[in-house]
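Here's protein-v5.txt, which has compact mmCIF, C-alpha atoms:
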```
# COMPACT_ATOMS: atom_id res chain seq x y z
CA MET A 1 64.82 36.90 -2.76
CA LYS A 2 64.70 34.81 0.40
CA LEU A 3 63.83 31.16 0.89
CA VAL A 4 61.12 30.46 3.47
CA ALA A 5 58.43 27.80 4.03
CA ALA A 6 54.68 27.54 4.46
CA LYS A 7 53.95 27.39 8.19
CA VAL A 8 50.21 26.69 7.90
CA PRO A 9 48.76 23.34 6.80
CA ILE A 10 47.52 24.70 3.45
CA SER A 11 48.10 28.12 1.90
CA THR A 12 46.18 28.89 -1.28
CA VAL A 13 48.19 30.67 -3.99
CA TRP A 14 46.35 33.59 -5.60
CA THR A 15 46.80 35.61 -8.79
CA GLY A 16 47.21 38.76 -6.67
CA PRO A 17 46.42 40.35 -3.29
CA ASP A 18 43.09 41.64 -4.64
CA ALA A 19 41.93 38.25 -5.96
CA PRO A 20 40.21 36.82 -2.83
CA ARG A 21 36.49 37.52 -2.32
CA ASP A 22 34.53 37.73 0.93
CA VAL A 23 33.70 34.02 0.63
CA ASP A 24 37.44 33.27 0.53
CA ALA A 25 38.14 34.76 4.00
CA PRO A 26 38.60 31.32 5.68
CA ALA A 27 41.37 30.50 3.18
CA THR A 28 43.26 33.78 3.65
CA ALA A 29 42.93 34.05 7.44
CA GLU A 30 46.13 34.05 9.51
CA GLN A 31 45.19 30.50 10.54
CA PRO A 32 43.40 29.34 7.38
CA ASP A 33 40.54 26.85 7.53
CA VAL A 34 40.58 25.37 4.05
CA ALA A 35 38.10 22.64 5.00
CA ALA A 36 35.51 25.25 6.02
CA TRP A 37 36.27 27.32 2.92
CA ALA A 38 35.73 24.37 0.58
CA LYS A 39 32.53 23.39 2.39
CA SER A 40 31.12 26.93 2.18
CA MET A 41 31.38 27.28 -1.60
CA ASP A 42 28.61 26.36 -4.02
CA ARG A 43 29.23 25.65 -7.70
CA GLU A 44 29.01 29.32 -8.67
CA SER A 45 31.56 30.29 -6.01
CA ARG A 46 33.89 27.54 -7.19
CA LEU A 47 33.58 28.65 -10.82
CA GLY A 48 34.57 32.12 -9.61
CA LEU A 49 37.97 30.78 -8.55
CA HIS A 50 39.08 30.64 -12.18
CA ASP A 51 41.60 33.45 -12.70
CA ARG A 52 41.75 33.96 -8.92
CA THR A 53 43.50 30.89 -7.50
CA LEU A 54 46.54 29.17 -9.00
CA SER A 55 47.69 26.40 -6.68
CA GLN A 56 48.24 25.57 -3.01
CA LEU A 57 51.27 25.23 -0.74
CA LEU A 58 51.40 22.47 1.84
CA PHE A 59 52.94 22.68 5.31
CA ALA A 60 56.74 23.16 5.29
CA GLU A 61 56.86 23.47 1.49
CA PRO A 62 59.74 25.83 0.56
CA VAL A 63 59.05 29.02 -1.36
CA LEU A 64 61.08 31.94 -2.65
CA VAL A 65 59.73 35.38 -1.69
CA ARG A 66 60.12 37.70 -4.66
CA SER A 67 58.39 40.81 -3.27
CA GLU A 68 55.99 41.92 -0.53
CA ARG A 69 53.03 44.25 -0.58
CA GLY A 70 50.33 45.06 1.97
CA GLY A 71 50.68 41.88 4.01
CA TRP A 72 51.08 39.66 0.95
CA SER A 73 54.12 37.93 -0.53
CA GLU A 74 54.78 37.22 -4.18
CA ILE A 75 56.35 33.76 -4.26
CA SER A 76 57.79 31.09 -6.50
CA ALA A 77 57.29 27.46 -5.41
CA PRO A 78 60.30 25.35 -6.49
CA TRP A 79 58.54 22.06 -5.67
CA GLN A 80 55.97 22.97 -8.34
CA PRO A 81 57.91 23.27 -11.62
CA SER A 82 56.45 25.55 -14.28
CA SER A 83 57.42 26.53 -17.80
CA GLU A 84 56.45 30.11 -16.95
CA ASP A 85 59.08 30.55 -14.24
CA GLU A 86 62.32 28.59 -13.89
CA LEU A 87 62.19 29.18 -10.10
CA GLY A 88 58.83 27.42 -9.75
CA TYR A 89 55.11 28.14 -9.79
CA ARG A 90 54.47 31.82 -9.16
CA GLY A 91 51.69 33.65 -7.29
CA TRP A 92 50.71 35.46 -4.09
CA VAL A 93 50.04 34.23 -0.54
CA PRO A 94 49.38 36.02 2.76
CA SER A 95 52.75 36.79 4.38
CA SER A 96 51.38 35.47 7.68
CA HIS A 97 51.35 31.98 6.13
CA LEU A 98 55.15 31.92 5.78
CA GLY A 99 57.90 31.18 8.30
CA GLU A 100 61.51 30.09 8.54
CA LEU A 101 62.60 26.92 6.78
CA PRO A 102 62.64 23.77 8.95
CA GLY A 103 66.00 22.86 10.43
CA SER A 104 68.24 20.45 8.57
CA ALA A 105 67.35 16.77 8.81
CA THR A 106 67.40 13.73 6.55
CA ASP A 107 65.10 11.06 5.14
CA PRO A 108 62.01 12.97 4.00
CA VAL A 109 58.65 11.36 4.68
CA ALA A 110 55.25 12.10 3.11
CA VAL A 111 51.72 12.00 4.47
CA THR A 112 49.88 9.25 2.57
CA VAL A 113 46.35 9.57 4.01
CA PRO A 114 43.85 12.39 3.38
CA THR A 115 44.55 14.08 6.73
CA ALA A 116 46.91 13.35 9.61
CA PRO A 117 47.29 14.90 13.08
CA LEU A 118 50.65 16.49 13.89
CA LEU A 119 51.30 15.95 17.60
CA ALA A 120 53.47 17.86 20.07
CA GLU A 121 54.45 14.51 21.63
CA PRO A 122 53.50 10.91 20.81
CA THR A 123 51.51 10.62 24.06
CA VAL A 124 49.58 13.89 23.54
CA ALA A 125 46.21 13.23 21.91
CA ALA A 126 45.32 16.80 20.93
CA PRO A 127 46.93 17.68 17.58
CA VAL A 128 48.98 20.82 17.03
CA MET A 129 47.41 20.96 13.57
CA THR A 130 45.99 18.66 10.91
CA LEU A 131 48.18 18.07 7.87
CA SER A 132 47.03 17.25 4.36
CA PHE A 133 47.91 14.38 2.08
CA GLY A 134 51.04 15.26 0.12
CA THR A 135 52.80 17.08 2.96
CA VAL A 136 56.53 16.24 2.87
CA LEU A 137 58.65 16.68 5.99
CA ALA A 138 62.21 15.85 7.00
CA SER A 139 62.39 13.14 9.68
CA ILE A 140 64.57 13.55 12.75
CA GLU A 141 64.02 10.35 14.76
CA HIS A 142 61.77 7.30 15.01
CA THR A 143 60.42 5.73 18.19
CA ASP A 144 57.51 3.49 19.27
CA GLY A 145 55.49 3.79 16.08
CA TYR A 146 56.01 7.54 15.64
CA THR A 147 58.35 9.78 13.66
CA ARG A 148 59.55 13.18 14.80
CA VAL A 149 59.70 15.68 11.95
CA ALA A 150 61.21 19.13 11.51
CA THR A 151 58.70 21.98 11.19
CA PRO A 152 59.03 25.66 10.20
CA ASP A 153 60.37 28.27 12.61
CA GLY A 154 62.73 25.80 14.27
CA GLY A 155 60.09 23.48 15.72
CA SER A 156 59.29 19.80 15.47
CA GLY A 157 56.31 17.49 15.85
CA TRP A 158 55.33 13.84 15.74
CA LEU A 159 53.37 11.79 13.21
CA ALA A 160 52.23 8.18 13.46
CA ASN A 161 54.28 5.91 11.21
CA ASP A 162 51.14 4.40 9.68
CA VAL A 163 50.27 7.70 7.95
CA LEU A 164 53.72 8.10 6.40
CA ARG A 165 55.95 6.64 3.73
CA ALA A 166 59.61 7.32 3.05
CA VAL A 167 59.80 9.49 -0.06
CA ALA A 168 62.82 7.50 -1.25
CA GLU A 169 60.95 4.19 -1.04
CA PRO A 170 60.41 2.61 -4.48
CA SER A 171 56.88 2.86 -5.85
CA THR A 172 54.72 1.09 -8.43
CA PRO A 173 51.95 2.18 -10.83
CA GLN A 174 49.51 0.51 -8.45
CA ASP A 175 50.68 2.86 -5.67
CA ARG A 176 49.64 5.84 -7.80
CA LEU A 177 46.15 4.47 -8.31
CA ARG A 178 45.77 3.40 -4.67
CA LEU A 179 46.75 6.83 -3.36
CA GLY A 180 44.59 8.68 -5.89
CA ALA A 181 41.56 6.47 -5.22
CA GLN A 182 41.42 7.74 -1.63
CA PHE A 183 39.83 10.88 -3.04
CA LEU A 184 37.02 9.33 -5.07
CA GLY A 185 33.99 11.56 -4.56
CA LEU A 186 36.04 14.62 -3.56
CA GLU A 187 34.67 17.79 -5.14
CA TYR A 188 36.86 19.41 -7.79
CA LEU A 189 38.66 22.58 -6.68
CA TRP A 190 40.36 24.86 -9.18
CA GLY A 191 44.00 25.21 -8.04
CA GLY A 192 43.60 22.49 -5.41
CA THR A 193 46.51 20.29 -4.33
CA SER A 194 45.17 19.20 -0.93
CA ALA A 195 42.80 16.74 0.71
CA TYR A 196 40.02 19.36 0.67
CA GLY A 197 39.99 19.78 -3.09
CA LEU A 198 42.02 18.82 -6.15
CA ASP A 199 42.07 19.85 -9.77
CA CYS A 200 43.18 17.46 -12.52
CA SER A 201 46.89 18.25 -12.50
CA GLY A 202 46.80 18.84 -8.72
CA LEU A 203 45.85 15.17 -8.33
CA THR A 204 48.65 13.82 -10.52
CA HIS A 205 51.22 16.30 -9.16
CA THR A 206 50.47 15.67 -5.47
CA VAL A 207 50.28 11.88 -5.74
CA SER A 208 53.63 11.99 -7.55
CA ARG A 209 55.13 14.15 -4.79
CA VAL A 210 54.20 11.56 -2.17
CA LEU A 211 56.04 8.95 -4.23
CA GLY A 212 59.18 11.06 -4.58
CA LEU A 213 58.47 12.13 -8.18
CA ARG A 214 58.63 15.89 -8.73
CA ILE A 215 56.61 16.69 -11.84
CA PRO A 216 55.28 20.04 -13.09
CA ARG A 217 52.17 21.56 -11.56
CA ASP A 218 50.13 22.09 -14.73
CA ALA A 219 48.79 19.51 -17.20
CA HIS A 220 50.39 21.05 -20.30
CA ASP A 221 53.80 21.15 -18.58
CA GLN A 222 53.40 17.55 -17.43
CA ALA A 223 52.65 16.59 -21.04
CA ASP A 224 55.73 18.44 -22.27
CA THR A 225 58.05 16.99 -19.62
CA LEU A 226 57.17 13.32 -19.12
CA GLU A 227 58.13 10.49 -21.47
CA HIS A 228 55.43 9.89 -24.08
CA ILE A 229 54.34 6.39 -25.05
CA PRO A 230 51.98 5.19 -27.80
CA LEU A 231 48.34 5.50 -26.71
CA ASP A 232 47.72 1.79 -27.24
CA GLU A 233 50.58 0.96 -24.87
CA ALA A 234 49.19 2.94 -21.93
CA ARG A 235 48.77 0.88 -18.78
CA PRO A 236 47.17 1.57 -15.37
CA GLY A 237 49.25 4.14 -13.52
CA ASP A 238 50.33 5.96 -16.68
CA LEU A 239 48.88 9.36 -17.64
CA TYR A 240 46.39 10.38 -20.31
CA PHE A 241 46.45 13.94 -21.70
CA PHE A 242 43.62 15.77 -23.45
CA ALA A 243 43.48 18.81 -25.74
CA ARG A 244 41.08 20.48 -28.16
CA PRO A 245 42.19 20.87 -31.80
CA GLU A 246 45.11 23.30 -32.14
CA LYS A 247 45.01 24.01 -28.38
CA PRO A 248 47.46 23.10 -25.57
CA VAL A 249 46.78 20.21 -23.22
CA HIS A 250 44.11 21.18 -20.69
CA HIS A 251 43.37 17.94 -18.83
CA VAL A 252 45.22 14.97 -17.33
CA GLY A 253 44.30 11.82 -15.44
CA PHE A 254 45.68 8.46 -14.35
CA VAL A 255 45.02 5.53 -16.67
CA SER A 256 43.05 2.97 -14.65
CA PRO A 257 41.64 -0.54 -15.30
CA THR A 258 38.22 1.12 -15.63
CA GLY A 259 39.40 3.89 -17.95
CA MET A 260 40.69 6.93 -16.10
CA LEU A 261 40.98 8.15 -12.51
CA HIS A 262 40.73 11.94 -12.62
CA ALA A 263 39.43 15.18 -11.18
CA SER A 264 37.11 16.16 -13.99
CA GLU A 265 35.95 19.79 -13.74
CA THR A 266 34.28 22.34 -11.48
CA GLY A 267 30.90 21.04 -10.37
CA LYS A 268 31.96 17.40 -10.55
CA ARG A 269 33.76 15.02 -8.20
CA LEU A 270 36.89 12.95 -8.53
CA GLU A 271 35.93 9.73 -10.29
CA ASP A 272 37.22 6.53 -11.87
CA GLU A 273 35.24 6.02 -15.06
CA PRO A 274 35.36 4.68 -18.59
CA LEU A 275 36.33 7.37 -21.08
CA PRO A 276 33.17 8.92 -22.59
CA ASP A 277 33.20 9.50 -26.34
CA GLU A 278 33.53 13.29 -26.03
CA ARG A 279 36.57 12.89 -23.75
CA ARG A 280 38.14 10.16 -25.92
CA ALA A 281 37.89 12.50 -28.92
CA MET A 282 40.27 14.88 -27.14
CA LEU A 283 42.80 12.21 -26.04
CA VAL A 284 46.09 13.32 -27.58
CA ALA A 285 48.90 11.66 -25.62
CA ALA A 286 49.94 9.22 -22.94
CA ALA A 287 53.00 9.36 -20.72
CA ARG A 288 54.87 7.12 -18.32
CA PHE A 289 56.87 8.07 -15.24
```

I need this file expressed as structure tokens, please.
Amino acid sequence: MKLVAAKVPISTVWTGPDAPRDVDAPATAEQPDVAAWAKSMDRESRLGLHDRTLSQLLFAEPVLVRSERGGWSEISAPWQPSSEDELGYRGWVPSSHLGELPGSATDPVAVTVPTAPLLAEPTVAAPVMTLSFGTVLASIEHTDGYTRVATPDGGSGWLANDVLRAVAEPSTPQDRLRLGAQFLGLEYLWGGTSAYGLDCSGLTHTVSRVLGLRIPRDAHDQADTLEHIPLDEARPGDLYFFARPEKPVHHVGFVSPTGMLHASETGKRLEDEPLPDERRAMLVAAARF
């Protein structure tokens, strides 16, 4: 196995090389356009992603290549812990989406806004590419309101300081809700961990990554890993977990003053709402970071 990194802004992780459909071509292109892909899909197309997509990699995210076949790479994503693979979340991505790990640097920073332009130089207006919320990069230097960051294949680029936070900076429960609330109204995307679509555990996982907290990718693993608290002690910024009788946890969301901030299900949009009775009946646990 070799350790590499995603060199495109967002690479969708698939169950296998044969999983993508014709409608998924923008997501699997050598230079993927995930925004166009998400916009092109109706509810039926999105429902068809179940058992096809698994997760997403963000720019410069490290991955282990386990095997290669027909222009595709089987990978494990160590930044996305999973009970199914001790090396990280496992799936397939186009090999063209992968490049060499960024050069060594210190002080990782994370993109805190939905999208941010990566610039060749601070004075150059045209972006090299647009990065998604949740992208974590190693910083090299800071100057005049910008930070230079290491990028895959030995390169570097610049990001405005006002779209970044230091991953090591302390955070609060309110930070989790503030960051998650940026995506109110965003359409649910099965396997989504980016600004163009999130699923329930993708929301909690990616917000946590921005705040320097590496939690599992899936809801049931998050429930098994994080510290449980009594349901009546849950406070805004904690997590609620949901399961059907005798079934594993299938849903997660942030506790909010309203009720819960969450990405509900395919066909719906990210919302902050009081818990409806049918959802409350499946509430089985709460956890705190």

If you take every atom of stretch 13-24 of chain A that the file lists and fit an axis-aligned box around them with 6 Å extra on each side, what centre and edge lengths come out in Å to one decimal, as JSON?
```
{"center_x": 40.9, "center_y": 36.2, "center_z": -3.9, "size_x": 26.5, "size_y": 23.0, "size_z": 21.7}
```

Exercise. Could you work out how far atom CA of A:Ala219 lies from atom CA of A:Ala181, giving the answer in Å with one decimal?
Worked result: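 Those two atoms sit 19.1 Å apart.
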
Problem set entry | stretch 158-175 of chain A environment, 10 Å, all atoms listed in the file, sequence neighbours closer than 5 positions dropped, as a ChimeraX atom specification | /A:107-124,127-128,131,133-151,180-181,207-213,235-238,254-256,288-289

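Interatomic distance, atom CA of A:Ser76 against atom CA of A:Ser201: 17.9 Å.
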
Exercise. If we count only C-alpha atoms, what is near stretch 48-54 of chain A at a cut-off of 6 Å, once residues fewer than 2 positions away on the same chain are taken out, given as number ranges by chain?
Worked result: A: 13-15, 19, 45-46, 191

Problem set entry | Selected residue of minimal separation from A:Pro20 among A:Ala60, A:Ala5, A:Val93, A:Ala36, counting only C-alpha atoms |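 Among the listed residues, the smallest separation from A:Pro20 belongs to A:Val93.
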
Exercise. Could you work out how far atom CA of A:Ser55 lies from atom CA of A:Lys268, giving the answer in Å with one decimal?
Worked result: 18.5 Å

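Distances to A:Leu189 were evaluated for A:Asp18, A:Asp42, A:Asp221, A:Glu74 using all atoms listed in the file, and the minimum falls at A:Asp42.
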
For this session: Within 9 Å of stretch 243-248 of chain A, counting only C-alpha atoms, which residues show up once you throw out same-chain ones fewer than 2 positions away? Write them as a PyMOL selection string, please.
Result: chain A and resi 220+241+250-251+281-285

Exercise. Which polymer residues have any atom within 8 Å of an atom of A:Lys2, counting only C-alpha atoms, with same-chain residues fewer than 2 positions away left out, as number ranges by chain?
Worked result: A: 4, 64-66

Exercise. Which is closer to A:Gly192 than all the others in A:Glu273, A:Leu3, A:Met41, A:Gln56, using all atoms listed in the file?
Worked result: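 Using all atoms listed in the file, A:Gly192 sits closest to A:Gln56.
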
Exercise. Of the candidates A:Gln80, A:Thr266, A:Ser96, A:Ser194, which shows the shortest atom-to-atom distance to A:Gln222, using all atoms listed in the file?
Worked result: A:Gln80

Problem set entry | Among listed residues A:Ser132, A:Ser73, A:Thr225, A:Ser67, nearest A:Trp92 (using all atoms listed in the file) |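 When distances to A:Trp92 are compared using all atoms listed in the file, the smallest one comes from A:Ser73.
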
For this session: Go through A:Glu233, A:Glu68, A:Asp224, A:Glu44 and flag the residue nearest A:Pro81, using all atoms listed in the file for the distances.
Result: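 With all atoms listed in the file as the atom set, the closest residue is A:Asp224.
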
For this session: Name the residues in contact with A:Pro62 at a cut-off of 10 Å, using only C-alpha atoms, excluding same-chain residues fewer than 4 positions from it; report them as a PyMOL selection string.
Result: chain A and resi 3-7+57-58+75-79+98-102+152

Residues from the last selection, C-alpha atoms, saved as a PDB file, in the coordinates of the input:
```pdb
ATOM      1  CA  LEU A   3      63.830  31.160   0.890  1.00  0.00           C
ATOM      2  CA  VAL A   4      61.120  30.460   3.470  1.00  0.00           C
ATOM      3  CA  ALA A   5      58.430  27.800   4.030  1.00  0.00           C
ATOM      4  CA  ALA A   6      54.680  27.540   4.460  1.00  0.00           C
ATOM      5  CA  LYS A   7      53.950  27.390   8.190  1.00  0.00           C
ATOM      6  CA  LEU A  57      51.270  25.230  -0.740  1.00  0.00           C
ATOM      7  CA  LEU A  58      51.400  22.470   1.840  1.00  0.00           C
ATOM      8  CA  ILE A  75      56.350  33.760  -4.260  1.00  0.00           C
ATOM      9  CA  SER A  76      57.790  31.090  -6.500  1.00  0.00           C
ATOM     10  CA  ALA A  77      57.290  27.460  -5.410  1.00  0.00           C
ATOM     11  CA  PRO A  78      60.300  25.350  -6.490  1.00  0.00           C
ATOM     12  CA  TRP A  79      58.540  22.060  -5.670  1.00  0.00           C
ATOM     13  CA  LEU A  98      55.150  31.920   5.780  1.00  0.00           C
ATOM     14  CA  GLY A  99      57.900  31.180   8.300  1.00  0.00           C
ATOM     15  CA  GLU A 100      61.510  30.090   8.540  1.00  0.00           C
ATOM     16  CA  LEU A 101      62.600  26.920   6.780  1.00  0.00           C
ATOM     17  CA  PRO A 102      62.640  23.770   8.950  1.00  0.00           C
ATOM     18  CA  PRO A 152      59.030  25.660  10.200  1.00  0.00           C
TER      19      PRO A 152
END
```
